[in-house]
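Inspection log for the structure reproduced underneath, given as structure tokens.
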Amino acid sequence: MNPTPRDLPCDLLISADLILTQDEERRVLENATVAVRGGQIAALGPKDSFADLQTAERLDLGRALLMPGLINAHTHVPMTFFRGLADDLPLEEWLKGYIFPREQGLTAEITELGALLACAEMTRFGCTAFADMYLFEDSVAAAVDRAGLRALLGEAVFAFPTPASASFAAVCDKVREQAIRFKNHSRLRVAVMPHTVYTTTREILRASADLAAELDLPLHIHLAETAYEVESCVREKGLRPLAYCRELGLLGPSTTLAHCVMLNEDELDELEVSRAKVAHNPKSNMKLASGVAPVPAMLRRGILPGLGTDGAASNNSLNLFAEMSACALLHKVFAADPTVCTAKDVLDMATIGSAAALSWPELGRLVPGGPADMIALDLKSPNLQPLFNPASQVVYATCGQEVCFSMVEGRILYQDGAYLALDHEEVLREADKLFAWARKKL
Ligand SMILES: [Zn+2]
């Protein structure tokens, strides 16, 4: 039983004209209050029922929509340093001509600056948690901790040395050490993240699955992103990527497959049986012309993908409101059917689906006992009036600039244009350093 508001101990009462809970019944509460205590939601309900409570601090957001923080199911946050560096190119040319050569000069410091800039962007645009795969993930952890956000962090595993790790064994050592160090951290978790089937080996993938099982960590991999990946996997390994991963022990409920653009009907059946999770990245897939993931077919099977932006180099933003809108519109036009990928489906993807893709299912909803991770939209913004259907407004009408409040684990990170955890001026100064680094000719 939830405690009654009258005898509820809490640190803060947050009220708003509307609360979009994303709970089991997808309730939307009018003129309601959330009670926060110790980083968790202690209770939520009608504002009147909390009126007699004496002890708590109160924050009335007024004409606002309070909702769970959005969750980015797949990204590479330090890649903000490549935003706009090279666009409108074929994937191979983009990767090999621009991204990979610069990544060779990567340092821990640059990675942290890139991640910090990303954290500022995500905080500003209503994202409270994300799954990150990159190099120097300890530097990402430092930035996330400073920003007060939540993240599932994974050092990218490759078959070749990187500026961050000389070998696969070195990555394993790092993951083991991080798993111990972050074991009791409430906002940072660790995953095993082999990059792709084509940048690793059979042995490395098998060992990655073993490491994840041994340490009880989630596993996250890019899968079936492009036709090239499928063709080369069939040519070199004799199997399509999903079957190859299954053979090596990678498929299971705590595995997340980013992209899944090229899955066929049989593979979707297999995905459903495996209960592996999906991170869908529609804008990145569109920008790199990779293709369209079969999301309506997933939804028909009861598979709810998470929603991700991918890195800022291939999107070029980390704005999940833009991603939700693009997701719904892409699938409607591709299926020539306006009834697929509804606003509710897409909002579920960016909250509950992404929480599952982070193997952190308690996130993505506002319920008693759950984490106090929430954002608010300023309903005084003219583009959000009138309001018939909150899910529709969030997916189709909101740009992200309307976010006026952001909280993670009961701590306010952003309110009415001001960052409370980060120093915005300092982030901008550091962004200038990033720009100077990224534009240097190699
Ligand atoms: Zn990616």
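Residues in the structure tokens are named by chain (A, B, ... in the order shown) and by number from 1 within that chain; ligands are numbered from 1 in the order shown.
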* Quick one: everything within 10 Å of Pro78 of chain A, counting only C-alpha atoms, minus sequence neighbours fewer than 4 positions away in the same chain. Send it as a ChimeraX atom specification. => /A:82,110-119,132-137,139-140,143,311-313
Those same residues, written as a short mmCIF file (atom, residue, chain, number, x, y, z; two decimals), in the first residue's frame with N, CA and C atoms?
```cif
data_model
loop_
_atom_site.label_atom_id
_atom_site.label_comp_id
_atom_site.auth_asym_id
_atom_site.auth_seq_id
_atom_site.Cartn_x
_atom_site.Cartn_y
_atom_site.Cartn_z
N PHE A 82 31.95 15.81 -33.35
CA PHE A 82 31.91 15.65 -34.81
C PHE A 82 30.60 16.17 -35.41
N ILE A 110 39.41 15.00 -24.25
CA ILE A 110 38.48 15.39 -25.32
C ILE A 110 37.17 14.62 -25.19
N THR A 111 37.27 13.34 -24.86
CA THR A 111 36.07 12.51 -24.70
C THR A 111 35.18 13.07 -23.60
N GLU A 112 35.79 13.48 -22.51
CA GLU A 112 34.99 14.02 -21.40
C GLU A 112 34.32 15.34 -21.80
N LEU A 113 35.04 16.17 -22.55
CA LEU A 113 34.44 17.45 -22.99
C LEU A 113 33.25 17.20 -23.93
N GLY A 114 33.44 16.25 -24.84
CA GLY A 114 32.35 15.91 -25.77
C GLY A 114 31.14 15.39 -25.03
N ALA A 115 31.40 14.53 -24.05
CA ALA A 115 30.30 13.95 -23.27
C ALA A 115 29.59 15.03 -22.44
N LEU A 116 30.36 15.96 -21.92
CA LEU A 116 29.78 17.03 -21.09
C LEU A 116 28.85 17.91 -21.93
N LEU A 117 29.29 18.24 -23.13
CA LEU A 117 28.45 19.02 -24.04
C LEU A 117 27.15 18.26 -24.33
N ALA A 118 27.28 16.95 -24.55
CA ALA A 118 26.10 16.12 -24.81
C ALA A 118 25.17 16.11 -23.60
N CYS A 119 25.74 16.04 -22.41
CA CYS A 119 24.91 16.01 -21.20
C CYS A 119 24.14 17.33 -21.06
N ASP A 132 25.24 4.51 -23.54
CA ASP A 132 26.34 5.06 -24.32
C ASP A 132 27.39 4.01 -24.63
N MET A 133 27.80 3.96 -25.88
CA MET A 133 28.91 3.10 -26.31
C MET A 133 29.97 3.99 -26.92
N TYR A 134 31.17 3.99 -26.32
CA TYR A 134 32.26 4.75 -26.94
C TYR A 134 33.59 4.32 -26.33
N LEU A 135 34.62 5.10 -26.60
CA LEU A 135 35.95 4.85 -26.05
C LEU A 135 36.14 5.74 -24.82
N PHE A 136 37.12 5.44 -24.00
CA PHE A 136 37.38 6.22 -22.77
C PHE A 136 36.08 6.40 -21.96
N GLU A 137 35.38 5.31 -21.74
CA GLU A 137 34.06 5.43 -21.10
C GLU A 137 34.16 5.95 -19.66
N SER A 139 35.78 8.53 -18.90
CA SER A 139 35.63 9.98 -19.07
C SER A 139 34.16 10.34 -19.26
N VAL A 140 33.42 9.47 -19.95
CA VAL A 140 31.98 9.69 -20.10
C VAL A 140 31.32 9.62 -18.72
N ALA A 143 31.73 12.81 -16.85
CA ALA A 143 30.85 13.87 -17.34
C ALA A 143 29.41 13.65 -16.89
N GLY A 311 24.85 8.70 -32.41
CA GLY A 311 25.74 9.82 -32.05
C GLY A 311 25.38 11.11 -32.77
N ALA A 312 25.89 12.22 -32.26
CA ALA A 312 25.58 13.52 -32.87
C ALA A 312 26.24 13.68 -34.24
N ALA A 313 27.18 12.79 -34.59
CA ALA A 313 27.79 12.88 -35.91
C ALA A 313 26.86 12.36 -37.00
#
```
For Leu223 of chain A, please output as a CSV table (one decimal) with C-alpha atoms, in the first residue's frame all residues within 8 Å (counting only C-alpha atoms; exclusion window: fewer than 6 positions along the same chain).
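Now in selection-v6.csv:
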```
chain,number,residue,atom,x,y,z
A,196,THR,CA,29.4,-4.8,-34.4
A,197,VAL,CA,29.7,-8.2,-36.0
A,241,PRO,CA,24.0,-11.2,-38.3
A,242,LEU,CA,21.2,-12.3,-36.0
A,257,LEU,CA,20.5,-4.7,-30.5
A,258,ALA,CA,20.9,-1.3,-31.9
A,259,HIS,CA,19.3,-0.6,-35.3
A,260,CYS,CA,17.8,-3.9,-36.6
```
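Residues of protein, DNA or RNA lying at most 9 Å from ligand 1, when only C-alpha atoms and all ligand atoms are considered, are His74, Thr75, His76, Asp132, Met133, His195, Ile221, His222, Ala258, His259, Asn281, Ser284, Gly308, Thr309, Asp310, Gly311 and Ser314 of chain A.
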Could you dump the residues just selected with C-alpha atoms as an mmCIF file, in the first residue's frame?
```cif
data_model
loop_
_atom_site.group_PDB
_atom_site.id
_atom_site.type_symbol
_atom_site.label_atom_id
_atom_site.label_comp_id
_atom_site.auth_asym_id
_atom_site.auth_seq_id
_atom_site.Cartn_x
_atom_site.Cartn_y
_atom_site.Cartn_z
ATOM 1 C CA HIS A 74 21.483 4.179 -28.085
ATOM 2 C CA THR A 75 24.048 6.909 -28.475
ATOM 3 C CA HIS A 76 27.730 7.789 -28.514
ATOM 4 C CA ASP A 132 26.343 5.062 -24.316
ATOM 5 C CA MET A 133 28.906 3.101 -26.309
ATOM 6 C CA HIS A 195 30.798 -2.687 -31.512
ATOM 7 C CA ILE A 221 25.714 -4.256 -29.929
ATOM 8 C CA HIS A 222 24.981 -2.580 -33.278
ATOM 9 C CA ALA A 258 20.889 -1.255 -31.938
ATOM 10 C CA HIS A 259 19.295 -0.567 -35.349
ATOM 11 C CA ASN A 281 17.456 5.093 -34.359
ATOM 12 C CA SER A 284 20.491 8.191 -38.021
ATOM 13 C CA GLY A 308 17.796 6.333 -29.647
ATOM 14 C CA THR A 309 19.455 9.183 -31.467
ATOM 15 C CA ASP A 310 22.762 7.437 -32.216
ATOM 16 C CA GLY A 311 25.741 9.815 -32.055
ATOM 17 C CA SER A 314 25.035 10.931 -37.658
#
```
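Counting from atom CA of Ala343 of chain A, the distance to atom CA of Met324 of chain A is 8.4 Å.
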Which residues are close to segment 293-300 of chain A, i.e. within 8 Å by only C-alpha atoms, leaving aside same-chain residues fewer than 2 positions away? Reply as an mmCIF file with C-alpha atoms, in the first residue's frame.
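Resulting contents of around.cif:
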```cif
data_model
loop_
_atom_site.group_PDB
_atom_site.id
_atom_site.type_symbol
_atom_site.label_atom_id
_atom_site.label_comp_id
_atom_site.auth_asym_id
_atom_site.auth_seq_id
_atom_site.Cartn_x
_atom_site.Cartn_y
_atom_site.Cartn_z
ATOM 1 C CA HIS A 259 19.295 -0.567 -35.349
ATOM 2 C CA CYS A 260 17.850 -3.934 -36.558
ATOM 3 C CA VAL A 261 17.129 -2.262 -39.908
ATOM 4 C CA MET A 262 17.703 -5.419 -41.932
ATOM 5 C CA LEU A 263 15.728 -8.002 -39.921
ATOM 6 C CA LEU A 268 11.613 -10.898 -36.026
ATOM 7 C CA HIS A 280 15.639 2.049 -32.918
ATOM 8 C CA PRO A 282 15.272 6.448 -37.154
ATOM 9 C CA GLY A 291 17.081 1.853 -44.494
ATOM 10 C CA GLY A 302 4.500 -7.048 -28.959
ATOM 11 C CA ILE A 303 8.157 -6.051 -29.240
ATOM 12 C CA LEU A 304 8.460 -2.458 -27.984
ATOM 13 C CA PRO A 305 11.782 -1.018 -29.192
ATOM 14 C CA HIS A 331 6.956 4.630 -40.434
ATOM 15 C CA VAL A 340 1.012 2.623 -37.745
ATOM 16 C CA CYS A 341 3.391 3.912 -35.063
#
```
* Return as a PyMOL selection string the full set of residues in segment 211-409 of chain A whose backbone-based DSSP assignment is strand (DSSP E or B). => chain A and resi 219-223+255-259+277-280+306-307+371+374-378+403-408
* To do: Return as an MDAnalysis selection string the full set of residues in segment 142-274 of chain A whose backbone-based DSSP assignment is helix (DSSP H, G or I).
  => chainID A and resid 142:147 168:181 202:215 227:237 241:247 265:274
Give me a file of those residues, with C-alpha atoms, as a compact mmCIF listing (two decimals), in the first residue's frame.
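Below is the file that was written, out34.txt:
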```txt
# COMPACT_ATOMS: atom_id res chain seq x y z
CA ALA A 142 32.91 11.54 -15.12
CA ALA A 143 30.85 13.87 -17.34
CA VAL A 144 27.56 12.10 -16.60
CA ASP A 145 28.27 12.20 -12.89
CA ARG A 146 29.01 15.93 -13.07
CA ALA A 147 25.83 16.56 -15.03
CA PHE A 168 40.30 -6.90 -26.14
CA ALA A 169 41.87 -8.18 -22.90
CA ALA A 170 42.48 -4.57 -21.83
CA VAL A 171 38.81 -3.70 -22.46
CA CYS A 172 37.73 -6.73 -20.40
CA ASP A 173 39.95 -5.60 -17.52
CA LYS A 174 38.43 -2.13 -17.74
CA VAL A 175 34.86 -3.48 -17.76
CA ARG A 176 35.58 -5.72 -14.75
CA GLU A 177 37.06 -2.81 -12.83
CA GLN A 178 34.15 -0.49 -13.76
CA ALA A 179 31.59 -3.14 -12.80
CA ILE A 180 33.09 -3.21 -9.29
CA ARG A 181 33.56 0.56 -9.03
CA ARG A 202 33.91 -14.80 -33.44
CA GLU A 203 36.16 -15.31 -30.39
CA ILE A 204 35.68 -11.74 -29.14
CA LEU A 205 31.89 -11.93 -29.44
CA ARG A 206 31.74 -15.26 -27.63
CA ALA A 207 34.02 -13.91 -24.88
CA SER A 208 31.91 -10.72 -24.65
CA ALA A 209 28.79 -12.82 -24.05
CA ASP A 210 30.66 -14.86 -21.43
CA LEU A 211 31.90 -11.70 -19.69
CA ALA A 212 28.38 -10.23 -19.58
CA ALA A 213 27.01 -13.47 -18.12
CA GLU A 214 29.83 -13.77 -15.58
CA LEU A 215 29.44 -10.19 -14.32
CA ALA A 227 22.76 -4.15 -46.24
CA TYR A 228 26.57 -4.14 -46.35
CA GLU A 229 26.74 -5.61 -42.84
CA VAL A 230 24.33 -8.43 -43.70
CA GLU A 231 26.06 -9.25 -47.01
CA SER A 232 29.54 -9.30 -45.49
CA CYS A 233 28.37 -11.40 -42.54
CA VAL A 234 26.79 -13.97 -44.87
CA ARG A 235 29.89 -13.95 -47.10
CA GLU A 236 32.46 -14.23 -44.31
CA LYS A 237 30.68 -16.13 -41.54
CA PRO A 241 24.04 -11.20 -38.27
CA LEU A 242 21.20 -12.28 -35.96
CA ALA A 243 21.88 -16.01 -36.45
CA TYR A 244 25.60 -15.38 -36.02
CA CYS A 245 24.93 -13.63 -32.68
CA ARG A 246 22.61 -16.40 -31.57
CA GLU A 247 25.25 -19.02 -32.39
CA GLU A 265 10.11 -11.79 -40.77
CA ASP A 266 11.82 -15.00 -39.58
CA GLU A 267 14.37 -12.95 -37.67
CA LEU A 268 11.61 -10.90 -36.03
CA ASP A 269 10.07 -14.17 -34.84
CA GLU A 270 13.42 -15.18 -33.42
CA LEU A 271 13.89 -11.77 -31.81
CA GLU A 272 10.51 -12.14 -30.12
CA VAL A 273 11.39 -15.57 -28.74
CA SER A 274 14.82 -14.42 -27.51
```
* **Shell around segment 348-359 of chain A at 10 Å using only C-alpha atoms, local window under 4 positions removed, as an MDAnalysis selection string** => chainID A and resid 22:23 26 67:74 127 129:132 151:153 189:191 217:220 253:258 276:280 303:308 320:321 323:324 327 341:344 363:365 391 395
Residues near Ile99 of chain A, anyone? I mean within 10 Å using only C-alpha atoms, not counting same-chain ones fewer than 3 positions away, as a PDB file with C-alpha atoms, in the first residue's frame.
```pdb
ATOM      1  CA  MET A  79      30.652  12.368 -30.677  1.00  0.00           C
ATOM      2  CA  PHE A  82      31.907  15.647 -34.813  1.00  0.00           C
ATOM      3  CA  LEU A  85      31.983  18.024 -39.375  1.00  0.00           C
ATOM      4  CA  ALA A  86      31.038  15.986 -42.431  1.00  0.00           C
ATOM      5  CA  GLU A  92      31.975   4.291 -45.819  1.00  0.00           C
ATOM      6  CA  GLU A  93      33.395   7.607 -46.958  1.00  0.00           C
ATOM      7  CA  TRP A  94      32.030   9.367 -43.878  1.00  0.00           C
ATOM      8  CA  LEU A  95      33.463   6.798 -41.469  1.00  0.00           C
ATOM      9  CA  LYS A  96      36.810   6.156 -43.137  1.00  0.00           C
ATOM     10  CA  ARG A 102      40.048  11.770 -36.076  1.00  0.00           C
ATOM     11  CA  GLU A 103      39.166   9.123 -33.520  1.00  0.00           C
ATOM     12  CA  GLN A 104      42.782   7.952 -33.757  1.00  0.00           C
ATOM     13  CA  ALA A 313      27.792  12.880 -35.913  1.00  0.00           C
ATOM     14  CA  ALA A 438      38.088  18.477 -34.171  1.00  0.00           C
TER      15      ALA A 438
END
```
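Closest approach to Lys380 of chain A from the set A:His424, A:Arg37, A:Arg63, A:Arg58 is made by A:Arg63, with distances taken over only C-alpha atoms.
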* Do a neighbour search on Ala289 of chain A at 10 Å with only C-alpha atoms, toss out local chain neighbours closer than 3 positions, and write the hits as a ChimeraX atom specification. => /A:88-91,226,283-286,292
* **Counting only C-alpha atoms, the residue of A:Ile19, A:Leu250, A:Ala164, A:Leu66 that sits nearest Thr107 of chain A** => A:Ala164
